[in-house]
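One file, my_file.txt, carrying compact mmCIF, C-alpha atoms and all ligand atoms:
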# COMPACT_ATOMS: atom_id res chain seq x y z
CA MET A 1107 30.37 -23.83 14.79
CA LEU A 1108 27.03 -23.45 16.55
CA ARG A 1109 24.14 -24.98 14.61
CA LEU A 1110 20.61 -23.60 14.98
CA ALA A 1111 17.56 -25.41 13.57
CA ILE A 1112 14.71 -23.17 12.41
CA GLN A 1113 11.47 -23.79 10.50
CA SER A 1114 12.09 -23.85 6.74
CA LYS A 1115 8.71 -22.40 5.86
CA GLY A 1116 5.54 -21.64 7.77
CA ARG A 1117 4.45 -19.37 10.54
CA LEU A 1118 7.70 -19.32 12.51
CA ASN A 1119 10.16 -19.03 9.63
CA GLU A 1120 9.86 -15.32 8.96
CA GLU A 1121 9.92 -14.20 12.57
CA SER A 1122 12.81 -16.52 13.40
CA THR A 1123 14.97 -15.03 10.65
CA ALA A 1124 13.75 -11.50 11.51
CA LEU A 1125 14.84 -12.04 15.11
CA LEU A 1126 18.31 -13.17 13.99
CA ARG A 1127 18.60 -10.11 11.76
CA GLU A 1128 17.48 -7.90 14.63
CA ILE A 1129 20.48 -9.12 16.64
CA GLY A 1130 22.82 -8.41 13.75
CA ILE A 1131 23.16 -11.93 12.31
CA ASP A 1132 23.03 -11.96 8.50
CA VAL A 1133 20.80 -14.81 7.41
CA ASP A 1134 20.77 -16.04 3.85
CA ASP A 1135 17.09 -16.44 3.12
CA SER A 1136 17.30 -18.73 0.09
CA ARG A 1137 14.98 -21.33 1.52
CA ARG A 1138 15.99 -23.97 -0.97
CA LYS A 1139 19.11 -24.48 1.05
CA PHE A 1140 18.97 -27.01 3.83
CA LEU A 1141 22.05 -25.79 5.62
CA ALA A 1142 23.36 -22.22 5.48
CA GLN A 1143 26.10 -20.31 7.21
CA ALA A 1144 25.48 -16.84 8.66
CA ALA A 1145 27.74 -14.35 6.87
CA ASN A 1146 28.99 -12.46 9.92
CA PHE A 1147 28.49 -14.74 12.92
CA PRO A 1148 29.70 -18.27 13.81
CA LEU A 1149 26.24 -19.74 13.34
CA GLU A 1150 25.01 -22.37 10.92
CA LEU A 1151 21.29 -22.60 10.14
CA LEU A 1152 19.54 -25.89 9.59
CA TYR A 1153 16.16 -25.41 7.90
CA MET A 1154 13.54 -28.05 8.63
CA ARG A 1155 9.90 -28.84 9.43
CA ASP A 1156 9.00 -27.63 12.88
CA ASP A 1157 7.92 -31.15 13.90
CA ASP A 1158 11.50 -32.37 13.60
CA ILE A 1159 13.24 -29.57 15.47
CA PRO A 1160 12.93 -30.95 19.05
CA GLN A 1161 14.40 -34.26 17.90
CA VAL A 1162 17.42 -32.86 16.04
CA VAL A 1163 18.21 -30.66 19.03
CA SER A 1164 17.84 -33.45 21.56
CA ASN A 1165 20.10 -35.79 19.58
CA GLY A 1166 22.69 -33.05 19.06
CA THR A 1167 22.42 -32.74 15.25
CA ALA A 1168 21.75 -29.08 16.05
CA SER A 1169 22.79 -27.50 19.35
CA LEU A 1170 19.95 -24.98 19.27
CA GLY A 1171 16.49 -24.66 17.78
CA ILE A 1172 13.67 -22.16 17.45
CA VAL A 1173 10.29 -23.88 17.69
CA GLY A 1174 6.85 -23.57 19.29
CA LEU A 1175 6.56 -24.76 22.87
CA ASN A 1176 3.63 -26.89 21.62
CA GLU A 1177 6.00 -29.00 19.51
CA VAL A 1178 8.48 -29.30 22.38
CA ALA A 1179 5.74 -30.58 24.70
CA GLU A 1180 4.17 -32.86 22.11
CA ARG A 1181 7.35 -34.54 20.91
CA GLY A 1182 8.63 -35.17 24.41
CA PHE A 1183 12.34 -35.13 23.51
CA GLU A 1184 14.70 -33.96 26.18
CA VAL A 1185 15.74 -30.38 25.45
CA GLN A 1186 16.26 -27.25 27.51
CA VAL A 1187 14.12 -24.15 26.96
CA VAL A 1188 16.68 -21.33 27.02
CA GLU A 1189 14.53 -18.31 26.23
CA LYS A 1190 10.94 -17.39 25.37
CA LEU A 1191 11.03 -15.37 22.19
CA GLY A 1192 7.75 -13.47 22.32
CA PHE A 1193 6.30 -14.44 18.93
CA GLY A 1194 4.19 -17.32 17.55
CA ALA A 1195 1.77 -17.09 20.46
CA CYS A 1196 -1.14 -19.52 20.32
CA ARG A 1197 -3.01 -21.97 22.50
CA ILE A 1198 -4.24 -25.52 22.04
CA SER A 1199 -7.89 -25.86 22.91
CA LEU A 1200 -10.76 -28.29 22.88
CA ALA A 1201 -13.61 -27.21 20.63
CA VAL A 1202 -17.03 -28.72 20.04
CA PRO A 1203 -19.73 -28.13 17.41
CA LYS A 1204 -21.55 -24.96 18.43
CA THR A 1205 -24.89 -26.79 18.62
CA VAL A 1206 -23.58 -29.06 21.41
CA ASP A 1207 -24.90 -28.50 24.92
CA TYR A 1208 -21.49 -28.46 26.61
CA ASP A 1209 -21.56 -28.79 30.41
CA GLY A 1210 -17.88 -29.15 31.39
CA PRO A 1211 -14.89 -31.43 30.79
CA GLN A 1212 -16.84 -34.59 31.66
CA TRP A 1213 -18.76 -34.09 28.41
CA PHE A 1214 -15.70 -35.58 26.66
CA ASN A 1215 -16.17 -38.99 28.33
CA GLY A 1216 -16.68 -41.57 25.63
CA LYS A 1217 -16.26 -39.00 22.85
CA ARG A 1218 -13.89 -39.09 19.87
CA ILE A 1219 -11.46 -36.15 19.71
CA ALA A 1220 -9.44 -35.37 16.57
CA THR A 1221 -6.02 -33.79 17.04
CA SER A 1222 -2.42 -33.48 15.86
CA TYR A 1223 -1.36 -33.24 19.52
CA PRO A 1224 -2.25 -36.65 21.01
CA ASN A 1225 0.37 -36.57 23.77
CA ILE A 1226 -0.58 -33.18 25.21
CA LEU A 1227 -4.24 -34.19 25.00
CA ARG A 1228 -3.72 -37.63 26.58
CA LYS A 1229 -1.94 -36.04 29.53
CA TRP A 1230 -4.80 -33.58 30.12
CA LEU A 1231 -7.47 -36.27 29.80
CA GLN A 1232 -5.61 -38.40 32.35
CA GLU A 1233 -5.33 -35.48 34.77
CA GLN A 1234 -9.07 -34.87 34.45
CA GLY A 1235 -9.91 -38.57 34.73
CA ILE A 1236 -11.67 -38.54 31.37
CA GLU A 1237 -11.76 -41.52 29.00
CA ALA A 1238 -12.01 -40.42 25.40
CA GLU A 1239 -10.85 -41.76 22.07
CA ILE A 1240 -8.07 -39.81 20.37
CA GLU A 1241 -8.14 -39.71 16.55
CA VAL A 1242 -4.77 -38.55 15.26
CA ILE A 1243 -5.07 -36.33 12.16
CA THR A 1244 -2.10 -34.35 10.86
CA GLY A 1245 -3.89 -31.61 8.90
CA SER A 1246 -7.27 -29.82 8.71
CA VAL A 1247 -8.33 -31.07 12.12
CA GLU A 1248 -11.13 -28.51 12.19
CA ILE A 1249 -13.18 -30.36 9.56
CA ALA A 1250 -13.25 -33.63 11.57
CA PRO A 1251 -16.61 -33.07 13.34
CA ALA A 1252 -18.41 -32.08 10.11
CA ALA A 1253 -16.87 -35.12 8.39
CA ASP A 1254 -18.03 -37.29 11.30
CA ILE A 1255 -14.47 -38.41 12.01
CA ALA A 1256 -14.77 -37.08 15.57
CA ASP A 1257 -17.17 -35.42 18.04
CA ALA A 1258 -14.74 -32.68 19.00
CA ILE A 1259 -11.27 -31.36 18.18
CA PHE A 1260 -8.16 -30.40 20.10
CA ASP A 1261 -6.29 -27.91 17.96
CA ILE A 1262 -4.24 -24.72 17.79
CA VAL A 1263 -6.20 -21.51 18.18
CA SER A 1264 -4.90 -18.00 17.86
CA SER A 1265 -7.76 -15.66 16.90
CA GLY A 1266 -10.49 -18.30 16.87
CA GLY A 1267 -11.63 -17.36 13.36
CA THR A 1268 -11.00 -20.85 11.94
CA LEU A 1269 -13.16 -22.44 14.63
CA VAL A 1270 -16.05 -20.07 14.00
CA SER A 1271 -15.95 -20.58 10.25
CA ASN A 1272 -16.17 -24.35 10.86
CA GLY A 1273 -19.14 -24.07 13.21
CA LEU A 1274 -17.06 -24.89 16.30
CA ARG A 1275 -16.85 -23.35 19.76
CA GLU A 1276 -13.74 -23.26 21.96
CA VAL A 1277 -14.67 -24.78 25.33
CA GLU A 1278 -11.40 -25.62 27.13
CA LYS A 1279 -8.07 -23.82 26.76
CA ILE A 1280 -5.44 -26.40 27.66
CA PHE A 1281 -1.95 -25.39 26.56
CA TRP A 1282 -0.31 -21.98 25.95
CA SER A 1283 2.54 -21.75 23.49
CA GLU A 1284 4.98 -19.30 21.98
CA ALA A 1285 8.22 -19.66 20.04
CA VAL A 1286 11.15 -20.62 22.25
CA LEU A 1287 14.89 -21.06 21.86
CA ILE A 1288 15.80 -24.60 22.84
CA SER A 1289 19.19 -26.16 23.48
CA SER A 1290 20.56 -29.68 23.60
CA GLY A 1291 22.26 -28.76 26.86
CA LYS A 1292 25.46 -30.28 25.47
CA LEU A 1293 27.33 -27.26 24.16
CA SER A 1294 31.11 -27.08 23.98
CA ASP A 1295 32.75 -24.09 25.71
CA GLU A 1296 33.21 -22.49 22.32
CA GLU A 1297 29.52 -22.97 21.42
CA GLN A 1298 28.40 -21.75 24.84
CA LYS A 1299 30.34 -18.51 24.25
CA VAL A 1300 28.51 -17.95 20.97
CA LEU A 1301 25.16 -18.69 22.65
CA ASP A 1302 25.97 -16.24 25.47
CA GLU A 1303 26.67 -13.55 22.89
CA MET A 1304 23.34 -14.30 21.19
CA LEU A 1305 21.49 -14.12 24.53
CA PHE A 1306 23.15 -10.81 25.34
CA ARG A 1307 21.95 -9.45 22.01
CA PHE A 1308 18.43 -10.87 22.49
CA GLU A 1309 18.27 -9.06 25.83
CA SER A 1310 19.23 -5.79 24.20
CA ALA A 1311 16.68 -6.32 21.41
CA LYS A 1312 13.98 -7.01 23.99
CA VAL A 1313 14.82 -3.88 25.95
CA SER A 1314 14.82 -1.73 22.81
CA ARG A 1315 11.47 -3.00 21.55
CA HIS A 1316 8.57 -0.59 22.11
CA LYS A 1317 10.88 2.14 23.37
CA LYS A 1318 11.11 5.65 21.92
CA TYR A 1319 13.71 8.35 22.28
CA ILE A 1320 12.12 11.65 23.26
CA LEU A 1321 13.68 15.12 23.34
CA MET A 1322 12.20 18.54 23.98
CA ASN A 1323 12.85 22.10 24.99
CA LEU A 1324 11.91 22.73 28.58
CA PRO A 1325 11.82 25.75 30.91
CA GLN A 1326 14.69 25.31 33.38
CA ALA A 1327 12.17 25.60 36.21
CA SER A 1328 10.36 22.43 35.06
CA VAL A 1329 13.40 20.12 35.02
CA GLU A 1330 12.67 18.52 38.37
CA GLU A 1331 9.09 17.76 37.50
CA ALA A 1332 10.04 16.48 34.04
CA THR A 1333 12.55 14.11 35.64
CA ARG A 1334 9.71 12.59 37.63
CA ILE A 1335 7.68 12.13 34.43
CA LEU A 1336 10.65 10.70 32.50
CA PRO A 1337 12.82 8.61 34.82
CA ALA A 1338 14.96 7.24 31.91
CA MET A 1339 17.53 4.49 32.48
CA ARG A 1340 19.60 6.37 35.02
CA SER A 1341 18.33 9.91 34.72
CA PRO A 1342 17.41 12.06 31.72
CA THR A 1343 20.03 14.08 29.88
CA VAL A 1344 19.67 17.83 30.38
CA MET A 1345 21.58 20.30 28.20
CA PRO A 1346 21.52 24.10 28.35
CA LEU A 1347 20.03 26.07 25.45
CA ALA A 1348 21.34 29.43 24.23
CA ALA A 1349 18.04 30.99 25.27
CA GLU A 1350 18.22 31.81 28.95
CA GLY A 1351 15.99 29.86 31.32
CA TRP A 1352 15.55 27.00 28.83
CA CYS A 1353 17.17 23.60 28.40
CA SER A 1354 16.92 20.55 26.21
CA MET A 1355 15.92 17.29 27.86
CA HIS A 1356 16.43 13.80 26.33
CA SER A 1357 15.06 10.53 27.59
CA VAL A 1358 13.63 7.12 26.69
CA VAL A 1359 9.97 6.15 27.13
CA ASP A 1360 7.81 3.10 26.64
CA GLU A 1361 5.69 3.47 23.55
CA ALA A 1362 2.63 2.48 25.57
CA ASP A 1363 3.04 5.51 27.87
CA LEU A 1364 4.15 7.93 25.16
CA TRP A 1365 1.01 10.04 24.69
CA GLU A 1366 0.25 10.26 28.37
CA LYS A 1367 3.80 11.47 29.06
CA ILE A 1368 3.63 13.99 26.22
CA GLN A 1369 0.45 15.42 27.72
CA GLN A 1370 2.11 15.76 31.13
CA LEU A 1371 5.23 17.33 29.60
CA LYS A 1372 3.22 19.86 27.62
CA ALA A 1373 1.40 20.80 30.80
CA ILE A 1374 4.71 21.82 32.42
CA GLY A 1375 5.81 23.89 29.43
CA ALA A 1376 7.68 21.44 27.15
CA GLU A 1377 7.95 22.63 23.54
CA GLY A 1378 9.31 21.27 20.28
CA ILE A 1379 8.94 17.65 21.40
CA LEU A 1380 10.64 15.14 19.09
CA VAL A 1381 10.04 11.39 19.28
CA LEU A 1382 12.58 9.13 17.53
CA ASN A 1383 12.87 5.41 16.92
CA ILE A 1384 15.63 3.58 18.76
CA ASP A 1385 17.76 1.04 16.93
CA LYS A 1386 19.53 -0.56 19.91
CA ILE A 1387 19.78 -0.11 23.64
CA ILE A 1388 22.73 -1.73 25.39
CA PRO A 1389 21.77 -1.77 29.07
P1 LIG A 1401 5.84 -27.51 9.06
O1 LIG A 1401 5.71 -27.68 7.60
O2 LIG A 1401 7.13 -26.86 9.44
O3 LIG A 1401 5.59 -28.79 9.83
P2 LIG A 1401 3.33 -26.66 10.22
O4 LIG A 1401 2.25 -26.65 9.21
O5 LIG A 1401 3.41 -27.77 11.21
O6 LIG A 1401 4.72 -26.46 9.49
P3 LIG A 1401 2.78 -23.89 10.97
O7 LIG A 1401 1.32 -23.76 10.65
O8 LIG A 1401 3.76 -23.15 10.12
O9 LIG A 1401 3.23 -25.39 11.16
O10 LIG A 1401 2.93 -23.42 12.49
C1 LIG A 1401 4.16 -23.48 13.15
C2 LIG A 1401 3.97 -23.09 14.59
O11 LIG A 1401 3.46 -21.76 14.67
C3 LIG A 1401 2.97 -23.89 15.40
O12 LIG A 1401 3.50 -25.11 15.84
C4 LIG A 1401 2.70 -22.95 16.57
O13 LIG A 1401 3.73 -23.03 17.53
C5 LIG A 1401 2.78 -21.57 15.92
N1 LIG A 1401 1.47 -20.91 15.68
C6 LIG A 1401 1.12 -19.68 16.10
N2 LIG A 1401 -0.12 -19.36 15.72
C7 LIG A 1401 -0.60 -20.38 15.07
C8 LIG A 1401 -1.85 -20.65 14.42
N3 LIG A 1401 -2.85 -19.78 14.40
N4 LIG A 1401 -1.98 -21.84 13.80
C9 LIG A 1401 -0.97 -22.72 13.77
N5 LIG A 1401 0.21 -22.50 14.37
C10 LIG A 1401 0.41 -21.36 15.02
MG MG A 1402 4.72 -29.07 11.62

Go ahead and express the file in the form of structure tokens.
Amino acid sequence: MLRLAIQSKGRLNEESTALLREIGIDVDDSRRKFLAQAANFPLELLYMRDDDIPQVVSNGTASLGIVGLNEVAERGFEVQVVEKLGFGACRISLAVPKTVDYDGPQWFNGKRIATSYPNILRKWLQEQGIEAEIEVITGSVEIAPAADIADAIFDIVSSGGTLVSNGLREVEKIFWSEAVLISSGKLSDEEQKVLDEMLFRFESAKVSRHKKYILMNLPQASVEEATRILPAMRSPTVMPLAAEGWCSMHSVVDEADLWEKIQQLKAIGAEGILVLNIDKIIP
């Protein structure tokens, strides 16, 4: 049985379980449970604090984990990053009170910096040749300068709103993170097979995301041009219509290009354009 550690509550919990559901794994969401078995897949879920996930994966208590890259880097346990999952994006940055006249990294020499990420910070300070004092705080780091616990902070930023509302200014972006799938690297053949199946499904989910199925009626004479506009996976499907000189064309487009493509298709005579959501694409 393959065991996967995920965050029991917090920012990564919902998207971790949503991702498992997206690849067809039924997850029991009763968060009171510590250990739960997926109903239709040989996967056992271990719910825990994100801080502990790198450790339980590195010591083999769980073979896999979903956690932020920030925790992987901070904890320093030996694990393999198998896949970036595309959610939970954030960065860890240095921020100073907005009244400070900041003139570059050397400003931090001799300063006190509050953070929950002392290891990532220490490494950066060493690389920059800066000597600063690190004050480890586990929560509400952003209040440290106002409380005179520190001169600056090193903390997670996503939109920057928390910094602004605490009178702080982001001055150095140091570490970029997103949720990743990690592995102990010590999977049995049986477990590796299950992981391979999960990775295959992740791939399909990634490909399907932000794609739309598009179909339309098209003058036969415009087929060649429409094929250039809609390359599809191999080539678009073209089917004859009862009305002479017309056909129906089906294809797949990126959501980002959708309106531009529709404009181009209308210009070459496409009518009755339908755009549908795609559940899965198996490349
Ligand atoms: P736990 O109780 O599991 O220890 P936590 O309070 O440490 O939870 P959360 O705030 O739930 O952690 O954040 C979990 C992860 O979400 C972070 O480690 C980071 O990878 C990611 N994340 C993305 N955006 C943000 C953000 N704006 N603030 C904090 N974490 C973020
Ligand atoms: Mg935590």

Leu1175 in chain A: which residues within 8 Å, counting all atoms listed in the file, same-chain residues fewer than 4 positions away excluded, as a VMD selection string? chain A and resid 1179 1283 to 1286

If the limit is 7 Å from any atom of ligand MG 1402 (chain A), counting all atoms listed in the file, which residues qualify? Return them as a PyMOL selection string. chain A and resi 1155-1157

Test item: residues at most 6 Å from range 1313-1327 of chain A, only C-alpha atoms, excluding those fewer than 3 positions along its chain, as a list of chain:residue names: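 Surrounding residues, per the criterion: A:Ser1310, A:Gly1351, A:Trp1352, A:Cys1353, A:Ser1354, A:Met1355, A:His1356, A:Ser1357, A:Val1358, A:Val1359, A:Asp1360, A:Glu1361, A:Ala1376, A:Glu1377, A:Gly1378, A:Ile1379, A:Leu1380, A:Val1381, A:Leu1382, A:Asn1383, A:Ile1384, A:Lys1386, A:Ile1387.
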
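Closest approach to ligand LIG 1401 (chain A) from the set A:Ile1198, A:Ile1388, A:Ile1280, A:Ala1145 is made by A:Ile1198, with distances taken over only C-alpha atoms and all ligand atoms.
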
Residue nearest ligand LIG 1401 (chain A) - candidates A:Asp1261, A:Glu1276, A:Glu1350, A:Glu1237, atoms counted: only C-alpha atoms and all ligand atoms: A:Asp1261

Given the choices A:Leu1274, A:Val1329, A:Ala1220, A:Val1188, which gets closest to Lys1204 in chain A if the distance is worked out from all atoms listed in the file?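 Of A:Leu1274, A:Val1329, A:Ala1220, A:Val1188, the one nearest Lys1204 in chain A is A:Leu1274, counting all atoms listed in the file.
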
Set the cut-off to 8 Å, count only C-alpha atoms and all ligand atoms, and list whatever residues fall near ligand LIG 1401 (chain A) as a VMD selection string. chain A and resid 1113 to 1119 1154 to 1158 1173 to 1177 1193 to 1197 1245 1262 to 1265 1283 to 1285

Which of these, A:Pro1337, A:Pro1342, A:Trp1365, A:Phe1308, has the shortest distance to Glu1128 in chain A once you count all atoms listed in the file? A:Phe1308

For range 1228-1246 of chain A, take all atoms listed in the file, fit an axis-aligned box around them, add 6 Å to each of the six sides, then output centre and edge lengths in Å rounded to one decimal, as lines of an AutoDock Vina configuration file.
center_x = -7.0
center_y = -35.8
center_z = 21.7
size_x = 22.1
size_y = 23.9
size_z = 38.1

Please list as a ChimeraX atom specification every residue within 12 Å of Ala1142 in chain A, counting all atoms listed in the file and excluding residues in the same chain fewer than 2 positions away. /A:1107-1112,1114,1132-1140,1144-1145,1147-1154

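In terms of minimum interatomic distance to Gly1235 in chain A, A:Phe1214 ranks closest within A:Ser1271, A:Phe1214, A:Ile1259, A:Pro1251, counting all atoms listed in the file.
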
Could you jot down the CA of Ala1256 in chain A to CA of Ile1219 in chain A separation for me, Å, one decimal place?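 Going from CA of Ala1256 in chain A over to CA of Ile1219 in chain A covers 5.4 Å.
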
In Å, rounded to a single decimal, give me how far CA of Glu1120 in chain A is from CA of Met1304 in chain A. 18.2 Å

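The shortest atom-to-atom distance to Glu1330 in chain A, with only C-alpha atoms taken into account, belongs to A:Ile1374 out of A:Ile1374, A:Leu1301, A:Val1202, A:Ile1131.
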
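Computed from the coordinates, the CA of Ile1288 in chain A to CA of Val1163 in chain A distance equals 7.6 Å.
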
Identify, on the basis of all atoms listed in the file, every residue whose closest approach to Gly1291 in chain A does not exceed 8 Å; exclude the query and any residue fewer than 4 positions from it along the same chain; express the result as a list in words.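 Once the adjacent positions are removed, what remains is Ser1169, Val1185 and Gln1186 of chain A.
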
Determine, counting only C-alpha atoms, every residue of protein, DNA or RNA that lies within 8 Å of (-11.1, -33.1, 36.5) in the file coordinates, then give the result as a VMD selection string. chain A and resid 1211 to 1212 1233 to 1236

Would you mind listing what lies within 12 Å of Arg1275 in chain A as a list in words, with all atoms listed in the file counted and same-chain residues fewer than 4 positions away left out?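 Everything that qualifies: Ser1199, Leu1200, Ala1201, Val1202, Pro1203, Lys1204, Thr1205, Val1206, Asp1207, Tyr1208, Glu1248, Pro1251, Ala1258, Ile1259, Phe1260, Asp1261, Val1263, Gly1266, Gly1267, Thr1268, Leu1269, Val1270, Ser1271 and Lys1279 of chain A.
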